[in-house]
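Step one of this worksheet: look at the structure below.
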Amino acid sequence: MSTKNEPNLQYVYARIAGFSYVLFTVAGLVKNFLLNTNLSDIDANQVSGLFENEMHFRIGIVAEVIMFLGVIMASLSFYFVLKSTHKQLAQTALCLRLVEIIIGGIAVVISMTMLSLSSKSYLLEAFDAEQLHTLMIVVSSFRVPAYEYSWISMGFAGVITFYLFFKNQFIPRLWSIWGLITYASLILYPLAKLLIPDLPSEVMFVLFPGALFELGAGIWLLTKGINKPAENEKPSTYGQ
């Protein structure tokens with residue numbers, strides 16, 4: 001790849017990263033706000049299955065897969081955009097994102113395991129509804145921690161990514177600062193939940209501006225791209 005063509009490729013990868021941000025943010029919003037993926041209340045009357053809405057649970061798994069495919073595309077694209085700024089830090093962010101994907105992938109497998117357990121005929125014969133419901137609760141209890149502790153790696157990767165954007169001014173610095181704050185909160189929330197047993201669930205709303213950031217930054221990158229290195233007054237090439 002010639003040096004002359006590299007800025008054009010950075011511009012293309014920036015748009016791919018923007019599309020990926022929009023993709024996984026929308027998938028996450030659909031899963032968390034439009035789908036009912038809860039287990040049924042075994043004490044309720046006329047319970048017809050282990051899920052309140054099994055089709056919603058299935059669609060939720062599809063949304064989770066789309067989310068992590070989007071994360072993979074965004075992570076690789078950001079690496080190609082930022083490696084000319086500081087290759088070692090860009091590689092570190094990429095590796096941290098891969099850790100996030102692995103841990104998050106475990107959460108997806110847990111969701112698929114729950115779906116599989118609900119349809120095994122021999123389990124339905126061996127356990128009554130209450131026992132099987134308890135088994136599902138035990139399995140599902142691994143899912144939320146897997147997601148939340150993947151956020152730590154995601155947070156550190158995001159801080160590095162938007163620190164590099166802040167340095168090279170490929171995007172407006174206000175976006176970079178918002179990104180730094182967003183991803184720092186993703187580090188602090190699971191750590192606070194680990195250290196404070198009775199952390200109020202309302203604290204999670206502090207993460208909502210982060211979802212707005214990812215959607216907004218994704219739309220910006222998709223429609224505006226980045227300022228090409230040649231357009232910056234002092235392009236940074238350290239760390240190569």
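In the structure tokens, each chain is lettered A, B, ... as it comes, each chain's residues begin at 1, and ligands are numbered from 1 in order of appearance.
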Can you tell me, as an NGL selection string, what residues are no more than 9 Å from stretch 15-27 of chain A when counting only C-alpha atoms, ignoring any on the same chain fewer than 3 positions away? :A and (10-12 or 30-32 or 60 or 62-64 or 66-78 or 211-212 or 214-226)
How would the residues just chosen look if you wrote them out with C-alpha atoms as an mmCIF file, in the first residue's frame?
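Saved the output as out25.cif:
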data_model
loop_
_atom_site.group_PDB
_atom_site.id
_atom_site.type_symbol
_atom_site.label_atom_id
_atom_site.label_comp_id
_atom_site.auth_asym_id
_atom_site.auth_seq_id
_atom_site.Cartn_x
_atom_site.Cartn_y
_atom_site.Cartn_z
ATOM 1 C CA GLN A 10 -8.263 5.790 6.346
ATOM 2 C CA TYR A 11 -11.262 7.748 5.123
ATOM 3 C CA VAL A 12 -12.969 4.552 3.900
ATOM 4 C CA VAL A 30 -33.625 -2.958 19.918
ATOM 5 C CA LYS A 31 -32.575 -5.793 22.212
ATOM 6 C CA ASN A 32 -32.732 -3.795 25.428
ATOM 7 C CA GLY A 60 -32.541 -10.914 20.977
ATOM 8 C CA VAL A 62 -29.730 -12.422 16.655
ATOM 9 C CA ALA A 63 -29.355 -8.812 17.859
ATOM 10 C CA GLU A 64 -26.475 -9.887 20.142
ATOM 11 C CA ILE A 66 -25.160 -8.444 15.080
ATOM 12 C CA MET A 67 -23.800 -6.324 17.937
ATOM 13 C CA PHE A 68 -20.566 -8.264 18.134
ATOM 14 C CA LEU A 69 -20.144 -8.435 14.365
ATOM 15 C CA GLY A 70 -20.427 -4.642 14.438
ATOM 16 C CA VAL A 71 -17.851 -4.441 17.215
ATOM 17 C CA ILE A 72 -15.431 -6.574 15.167
ATOM 18 C CA MET A 73 -15.836 -4.335 12.102
ATOM 19 C CA ALA A 74 -15.464 -1.152 14.146
ATOM 20 C CA SER A 75 -12.396 -2.427 16.009
ATOM 21 C CA LEU A 76 -10.517 -3.414 12.863
ATOM 22 C CA SER A 77 -11.528 -0.194 11.091
ATOM 23 C CA PHE A 78 -10.359 1.992 13.974
ATOM 24 C CA ALA A 211 -25.299 4.875 23.872
ATOM 25 C CA LEU A 212 -26.227 8.286 22.465
ATOM 26 C CA GLU A 214 -21.929 5.793 19.988
ATOM 27 C CA LEU A 215 -24.959 6.437 17.794
ATOM 28 C CA GLY A 216 -24.013 10.081 17.260
ATOM 29 C CA ALA A 217 -20.327 9.378 16.635
ATOM 30 C CA GLY A 218 -21.278 6.571 14.268
ATOM 31 C CA ILE A 219 -23.562 8.842 12.230
ATOM 32 C CA TRP A 220 -20.833 11.512 12.163
ATOM 33 C CA LEU A 221 -18.169 9.106 10.912
ATOM 34 C CA LEU A 222 -20.546 7.515 8.415
ATOM 35 C CA THR A 223 -21.651 10.836 6.905
ATOM 36 C CA LYS A 224 -18.623 13.102 7.473
ATOM 37 C CA GLY A 225 -15.748 10.645 7.697
ATOM 38 C CA ILE A 226 -12.530 12.078 9.120
#
Could you jot down the atom CA of A:Val139 to atom CA of A:Thr113 separation for me, Å, one decimal place? 8.1 Å
I need the residues of stretch 123-203 of chain A that end up classed as alpha helix (DSSP H) by DSSP on the backbone, written out as a PDB file with N, CA and C atoms, in the first residue's frame.
ATOM      1  N   LEU A 123     -35.307 -33.045  29.196  1.00  0.00           N
ATOM      2  CA  LEU A 123     -35.314 -32.210  30.393  1.00  0.00           C
ATOM      3  C   LEU A 123     -36.748 -31.986  30.874  1.00  0.00           C
ATOM      4  N   LEU A 124     -37.651 -31.796  29.912  1.00  0.00           N
ATOM      5  CA  LEU A 124     -39.052 -31.593  30.266  1.00  0.00           C
ATOM      6  C   LEU A 124     -39.635 -32.826  30.942  1.00  0.00           C
ATOM      7  N   GLU A 125     -39.077 -33.987  30.610  1.00  0.00           N
ATOM      8  CA  GLU A 125     -39.539 -35.223  31.232  1.00  0.00           C
ATOM      9  C   GLU A 125     -38.890 -35.458  32.590  1.00  0.00           C
ATOM     10  N   ALA A 126     -37.629 -35.012  32.741  1.00  0.00           N
ATOM     11  CA  ALA A 126     -36.883 -35.283  33.972  1.00  0.00           C
ATOM     12  C   ALA A 126     -37.178 -34.274  35.082  1.00  0.00           C
ATOM     13  N   ALA A 129     -41.810 -28.091  35.917  1.00  0.00           N
ATOM     14  CA  ALA A 129     -41.662 -26.724  35.408  1.00  0.00           C
ATOM     15  C   ALA A 129     -40.873 -25.830  36.363  1.00  0.00           C
ATOM     16  N   GLU A 130     -41.120 -26.001  37.666  1.00  0.00           N
ATOM     17  CA  GLU A 130     -40.436 -25.146  38.639  1.00  0.00           C
ATOM     18  C   GLU A 130     -38.944 -25.458  38.698  1.00  0.00           C
ATOM     19  N   GLN A 131     -38.585 -26.725  38.652  1.00  0.00           N
ATOM     20  CA  GLN A 131     -37.171 -27.107  38.683  1.00  0.00           C
ATOM     21  C   GLN A 131     -36.445 -26.623  37.425  1.00  0.00           C
ATOM     22  N   LEU A 132     -37.081 -26.771  36.285  1.00  0.00           N
ATOM     23  CA  LEU A 132     -36.467 -26.321  35.037  1.00  0.00           C
ATOM     24  C   LEU A 132     -36.335 -24.804  35.016  1.00  0.00           C
ATOM     25  N   HIS A 133     -37.310 -24.126  35.565  1.00  0.00           N
ATOM     26  CA  HIS A 133     -37.254 -22.671  35.669  1.00  0.00           C
ATOM     27  C   HIS A 133     -36.079 -22.253  36.545  1.00  0.00           C
ATOM     28  N   THR A 134     -35.865 -22.964  37.651  1.00  0.00           N
ATOM     29  CA  THR A 134     -34.735 -22.664  38.533  1.00  0.00           C
ATOM     30  C   THR A 134     -33.406 -22.892  37.817  1.00  0.00           C
ATOM     31  N   LEU A 135     -33.319 -23.978  37.043  1.00  0.00           N
ATOM     32  CA  LEU A 135     -32.114 -24.249  36.258  1.00  0.00           C
ATOM     33  C   LEU A 135     -31.831 -23.117  35.283  1.00  0.00           C
ATOM     34  N   MET A 136     -32.872 -22.618  34.633  1.00  0.00           N
ATOM     35  CA  MET A 136     -32.706 -21.521  33.679  1.00  0.00           C
ATOM     36  C   MET A 136     -32.232 -20.252  34.368  1.00  0.00           C
ATOM     37  N   ILE A 137     -32.743 -20.005  35.567  1.00  0.00           N
ATOM     38  CA  ILE A 137     -32.304 -18.823  36.322  1.00  0.00           C
ATOM     39  C   ILE A 137     -30.827 -18.927  36.664  1.00  0.00           C
ATOM     40  N   VAL A 138     -30.388 -20.121  37.069  1.00  0.00           N
ATOM     41  CA  VAL A 138     -28.975 -20.332  37.395  1.00  0.00           C
ATOM     42  C   VAL A 138     -28.100 -20.070  36.173  1.00  0.00           C
ATOM     43  N   VAL A 139     -28.498 -20.621  35.036  1.00  0.00           N
ATOM     44  CA  VAL A 139     -27.716 -20.418  33.803  1.00  0.00           C
ATOM     45  C   VAL A 139     -27.704 -18.947  33.402  1.00  0.00           C
ATOM     46  N   SER A 140     -28.862 -18.302  33.476  1.00  0.00           N
ATOM     47  CA  SER A 140     -28.955 -16.901  33.051  1.00  0.00           C
ATOM     48  C   SER A 140     -28.168 -15.966  33.961  1.00  0.00           C
ATOM     49  N   ARG A 143     -25.009 -14.595  32.565  1.00  0.00           N
ATOM     50  CA  ARG A 143     -25.048 -13.790  31.339  1.00  0.00           C
ATOM     51  C   ARG A 143     -24.744 -12.316  31.601  1.00  0.00           C
ATOM     52  N   VAL A 144     -25.418 -11.705  32.572  1.00  0.00           N
ATOM     53  CA  VAL A 144     -25.224 -10.280  32.846  1.00  0.00           C
ATOM     54  C   VAL A 144     -23.794  -9.971  33.280  1.00  0.00           C
ATOM     55  N   PRO A 145     -23.195 -10.751  34.220  1.00  0.00           N
ATOM     56  CA  PRO A 145     -21.790 -10.472  34.562  1.00  0.00           C
ATOM     57  C   PRO A 145     -20.849 -10.570  33.367  1.00  0.00           C
ATOM     58  N   ALA A 146     -21.101 -11.516  32.459  1.00  0.00           N
ATOM     59  CA  ALA A 146     -20.250 -11.640  31.274  1.00  0.00           C
ATOM     60  C   ALA A 146     -20.302 -10.359  30.452  1.00  0.00           C
ATOM     61  N   TYR A 147     -21.512  -9.826  30.243  1.00  0.00           N
ATOM     62  CA  TYR A 147     -21.628  -8.572  29.509  1.00  0.00           C
ATOM     63  C   TYR A 147     -20.943  -7.433  30.248  1.00  0.00           C
ATOM     64  N   GLU A 148     -21.248  -7.291  31.534  1.00  0.00           N
ATOM     65  CA  GLU A 148     -20.771  -6.135  32.274  1.00  0.00           C
ATOM     66  C   GLU A 148     -19.255  -6.109  32.411  1.00  0.00           C
ATOM     67  N   TYR A 149     -18.633  -7.267  32.577  1.00  0.00           N
ATOM     68  CA  TYR A 149     -17.178  -7.256  32.752  1.00  0.00           C
ATOM     69  C   TYR A 149     -16.450  -7.224  31.420  1.00  0.00           C
ATOM     70  N   SER A 150     -17.177  -7.456  30.320  1.00  0.00           N
ATOM     71  CA  SER A 150     -16.582  -7.178  29.009  1.00  0.00           C
ATOM     72  C   SER A 150     -16.474  -5.675  28.783  1.00  0.00           C
ATOM     73  N   TRP A 151     -17.314  -4.904  29.510  1.00  0.00           N
ATOM     74  CA  TRP A 151     -17.271  -3.450  29.368  1.00  0.00           C
ATOM     75  C   TRP A 151     -15.951  -2.860  29.850  1.00  0.00           C
ATOM     76  N   ILE A 152     -15.256  -3.535  30.758  1.00  0.00           N
ATOM     77  CA  ILE A 152     -13.978  -3.005  31.242  1.00  0.00           C
ATOM     78  C   ILE A 152     -12.972  -2.949  30.102  1.00  0.00           C
ATOM     79  N   SER A 153     -12.840  -4.057  29.366  1.00  0.00           N
ATOM     80  CA  SER A 153     -11.949  -4.066  28.205  1.00  0.00           C
ATOM     81  C   SER A 153     -12.430  -3.088  27.146  1.00  0.00           C
ATOM     82  N   MET A 154     -13.733  -3.056  26.935  1.00  0.00           N
ATOM     83  CA  MET A 154     -14.315  -2.116  25.973  1.00  0.00           C
ATOM     84  C   MET A 154     -13.994  -0.679  26.373  1.00  0.00           C
ATOM     85  N   GLY A 155     -14.094  -0.396  27.672  1.00  0.00           N
ATOM     86  CA  GLY A 155     -13.833   0.952  28.161  1.00  0.00           C
ATOM     87  C   GLY A 155     -12.403   1.387  27.935  1.00  0.00           C
ATOM     88  N   PHE A 156     -11.446   0.529  28.284  1.00  0.00           N
ATOM     89  CA  PHE A 156     -10.041   0.885  28.079  1.00  0.00           C
ATOM     90  C   PHE A 156      -9.733   1.053  26.595  1.00  0.00           C
ATOM     91  N   ALA A 157     -10.301   0.165  25.756  1.00  0.00           N
ATOM     92  CA  ALA A 157     -10.086   0.293  24.313  1.00  0.00           C
ATOM     93  C   ALA A 157     -10.654   1.606  23.787  1.00  0.00           C
ATOM     94  N   GLY A 158     -11.854   1.965  24.257  1.00  0.00           N
ATOM     95  CA  GLY A 158     -12.475   3.203  23.814  1.00  0.00           C
ATOM     96  C   GLY A 158     -11.717   4.437  24.264  1.00  0.00           C
ATOM     97  N   VAL A 159     -11.200   4.408  25.495  1.00  0.00           N
ATOM     98  CA  VAL A 159     -10.407   5.547  25.998  1.00  0.00           C
ATOM     99  C   VAL A 159      -9.178   5.743  25.118  1.00  0.00           C
ATOM    100  N   ILE A 160      -8.486   4.646  24.791  1.00  0.00           N
ATOM    101  CA  ILE A 160      -7.304   4.744  23.924  1.00  0.00           C
ATOM    102  C   ILE A 160      -7.690   5.277  22.552  1.00  0.00           C
ATOM    103  N   THR A 161      -8.773   4.724  21.990  1.00  0.00           N
ATOM    104  CA  THR A 161      -9.207   5.119  20.651  1.00  0.00           C
ATOM    105  C   THR A 161      -9.500   6.604  20.568  1.00  0.00           C
ATOM    106  N   PHE A 162     -10.262   7.115  21.526  1.00  0.00           N
ATOM    107  CA  PHE A 162     -10.661   8.518  21.423  1.00  0.00           C
ATOM    108  C   PHE A 162      -9.605   9.459  21.985  1.00  0.00           C
ATOM    109  N   TYR A 163      -8.648   8.936  22.726  1.00  0.00           N
ATOM    110  CA  TYR A 163      -7.455   9.725  23.041  1.00  0.00           C
ATOM    111  C   TYR A 163      -6.667   9.982  21.754  1.00  0.00           C
ATOM    112  N   LEU A 164      -6.530   8.948  20.932  1.00  0.00           N
ATOM    113  CA  LEU A 164      -5.813   9.119  19.665  1.00  0.00           C
ATOM    114  C   LEU A 164      -6.579  10.056  18.734  1.00  0.00           C
ATOM    115  N   PHE A 165      -7.907   9.961  18.721  1.00  0.00           N
ATOM    116  CA  PHE A 165      -8.692  10.897  17.926  1.00  0.00           C
ATOM    117  C   PHE A 165      -8.526  12.322  18.447  1.00  0.00           C
ATOM    118  N   PHE A 166      -8.423  12.466  19.759  1.00  0.00           N
ATOM    119  CA  PHE A 166      -8.216  13.792  20.341  1.00  0.00           C
ATOM    120  C   PHE A 166      -6.868  14.360  19.898  1.00  0.00           C
ATOM    121  N   LYS A 167      -5.846  13.505  19.858  1.00  0.00           N
ATOM    122  CA  LYS A 167      -4.508  13.955  19.489  1.00  0.00           C
ATOM    123  C   LYS A 167      -4.409  14.342  18.013  1.00  0.00           C
ATOM    124  N   ASN A 168      -5.008  13.520  17.148  1.00  0.00           N
ATOM    125  CA  ASN A 168      -4.807  13.777  15.724  1.00  0.00           C
ATOM    126  C   ASN A 168      -5.888  14.662  15.097  1.00  0.00           C
ATOM    127  N   ARG A 173     -12.865  17.732  18.459  1.00  0.00           N
ATOM    128  CA  ARG A 173     -12.393  17.322  19.780  1.00  0.00           C
ATOM    129  C   ARG A 173     -13.524  17.147  20.786  1.00  0.00           C
ATOM    130  N   LEU A 174     -14.646  17.832  20.581  1.00  0.00           N
ATOM    131  CA  LEU A 174     -15.786  17.620  21.486  1.00  0.00           C
ATOM    132  C   LEU A 174     -16.279  16.180  21.412  1.00  0.00           C
ATOM    133  N   TRP A 175     -16.288  15.584  20.205  1.00  0.00           N
ATOM    134  CA  TRP A 175     -16.654  14.174  20.077  1.00  0.00           C
ATOM    135  C   TRP A 175     -15.650  13.306  20.830  1.00  0.00           C
ATOM    136  N   SER A 176     -14.371  13.627  20.712  1.00  0.00           N
ATOM    137  CA  SER A 176     -13.337  12.830  21.382  1.00  0.00           C
ATOM    138  C   SER A 176     -13.482  12.902  22.900  1.00  0.00           C
ATOM    139  N   ILE A 177     -13.757  14.108  23.423  1.00  0.00           N
ATOM    140  CA  ILE A 177     -13.912  14.273  24.871  1.00  0.00           C
ATOM    141  C   ILE A 177     -15.132  13.495  25.364  1.00  0.00           C
ATOM    142  N   TRP A 178     -16.236  13.593  24.631  1.00  0.00           N
ATOM    143  CA  TRP A 178     -17.435  12.830  24.986  1.00  0.00           C
ATOM    144  C   TRP A 178     -17.129  11.331  24.966  1.00  0.00           C
ATOM    145  N   GLY A 179     -16.347  10.895  23.986  1.00  0.00           N
ATOM    146  CA  GLY A 179     -15.960   9.488  23.919  1.00  0.00           C
ATOM    147  C   GLY A 179     -15.124   9.060  25.111  1.00  0.00           C
ATOM    148  N   LEU A 180     -14.186   9.907  25.523  1.00  0.00           N
ATOM    149  CA  LEU A 180     -13.353   9.588  26.689  1.00  0.00           C
ATOM    150  C   LEU A 180     -14.208   9.431  27.940  1.00  0.00           C
ATOM    151  N   ILE A 181     -15.168  10.335  28.117  1.00  0.00           N
ATOM    152  CA  ILE A 181     -16.056  10.266  29.283  1.00  0.00           C
ATOM    153  C   ILE A 181     -16.929   9.010  29.219  1.00  0.00           C
ATOM    154  N   THR A 182     -17.464   8.743  28.027  1.00  0.00           N
ATOM    155  CA  THR A 182     -18.327   7.573  27.841  1.00  0.00           C
ATOM    156  C   THR A 182     -17.612   6.285  28.205  1.00  0.00           C
ATOM    157  N   TYR A 183     -16.430   6.092  27.672  1.00  0.00           N
ATOM    158  CA  TYR A 183     -15.730   4.821  27.881  1.00  0.00           C
ATOM    159  C   TYR A 183     -15.112   4.733  29.275  1.00  0.00           C
ATOM    160  N   ALA A 184     -14.805   5.869  29.886  1.00  0.00           N
ATOM    161  CA  ALA A 184     -14.366   5.829  31.280  1.00  0.00           C
ATOM    162  C   ALA A 184     -15.493   5.335  32.183  1.00  0.00           C
ATOM    163  N   SER A 185     -16.745   5.733  31.873  1.00  0.00           N
ATOM    164  CA  SER A 185     -17.883   5.272  32.678  1.00  0.00           C
ATOM    165  C   SER A 185     -18.085   3.767  32.535  1.00  0.00           C
ATOM    166  N   LEU A 186     -17.741   3.207  31.363  1.00  0.00           N
ATOM    167  CA  LEU A 186     -17.869   1.767  31.167  1.00  0.00           C
ATOM    168  C   LEU A 186     -16.848   0.990  31.988  1.00  0.00           C
ATOM    169  N   ILE A 187     -15.751   1.619  32.331  1.00  0.00           N
ATOM    170  CA  ILE A 187     -14.767   0.994  33.224  1.00  0.00           C
ATOM    171  C   ILE A 187     -15.256   1.071  34.666  1.00  0.00           C
ATOM    172  N   LEU A 188     -15.786   2.223  35.041  1.00  0.00           N
ATOM    173  CA  LEU A 188     -16.117   2.479  36.441  1.00  0.00           C
ATOM    174  C   LEU A 188     -17.373   1.740  36.897  1.00  0.00           C
ATOM    175  N   TYR A 189     -18.374   1.606  35.997  1.00  0.00           N
ATOM    176  CA  TYR A 189     -19.641   1.008  36.434  1.00  0.00           C
ATOM    177  C   TYR A 189     -19.485  -0.433  36.910  1.00  0.00           C
ATOM    178  N   PRO A 190     -18.895  -1.360  36.129  1.00  0.00           N
ATOM    179  CA  PRO A 190     -18.767  -2.739  36.630  1.00  0.00           C
ATOM    180  C   PRO A 190     -17.859  -2.840  37.848  1.00  0.00           C
ATOM    181  N   LEU A 191     -16.848  -1.963  37.934  1.00  0.00           N
ATOM    182  CA  LEU A 191     -15.984  -1.976  39.121  1.00  0.00           C
ATOM    183  C   LEU A 191     -16.773  -1.523  40.347  1.00  0.00           C
ATOM    184  N   ALA A 192     -17.613  -0.486  40.177  1.00  0.00           N
ATOM    185  CA  ALA A 192     -18.446  -0.018  41.290  1.00  0.00           C
ATOM    186  C   ALA A 192     -19.432  -1.092  41.707  1.00  0.00           C
ATOM    187  N   LYS A 193     -20.002  -1.802  40.717  1.00  0.00           N
ATOM    188  CA  LYS A 193     -20.955  -2.866  41.028  1.00  0.00           C
ATOM    189  C   LYS A 193     -20.275  -4.010  41.771  1.00  0.00           C
ATOM    190  N   LEU A 194     -19.013  -4.253  41.453  1.00  0.00           N
ATOM    191  CA  LEU A 194     -18.264  -5.302  42.134  1.00  0.00           C
ATOM    192  C   LEU A 194     -17.937  -4.921  43.569  1.00  0.00           C
ATOM    193  N   LEU A 195     -17.614  -3.647  43.792  1.00  0.00           N
ATOM    194  CA  LEU A 195     -17.158  -3.195  45.108  1.00  0.00           C
ATOM    195  C   LEU A 195     -18.306  -2.757  46.011  1.00  0.00           C
TER     196      LEU A 195
END
Using only C-alpha atoms, which residue out of A:Val65, A:Met55, A:Ile196, A:Ala14 lies closest to A:Val108?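 The answer is A:Val65, which sits nearest to A:Val108.
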Within 9 Å of stretch 114-116 of chain A, counting only C-alpha atoms, which residues show up once you throw out same-chain ones fewer than 3 positions away? Write them as a PyMOL selection string, please. chain A and resi 54+57-58+109-111+119-120+136+139-140
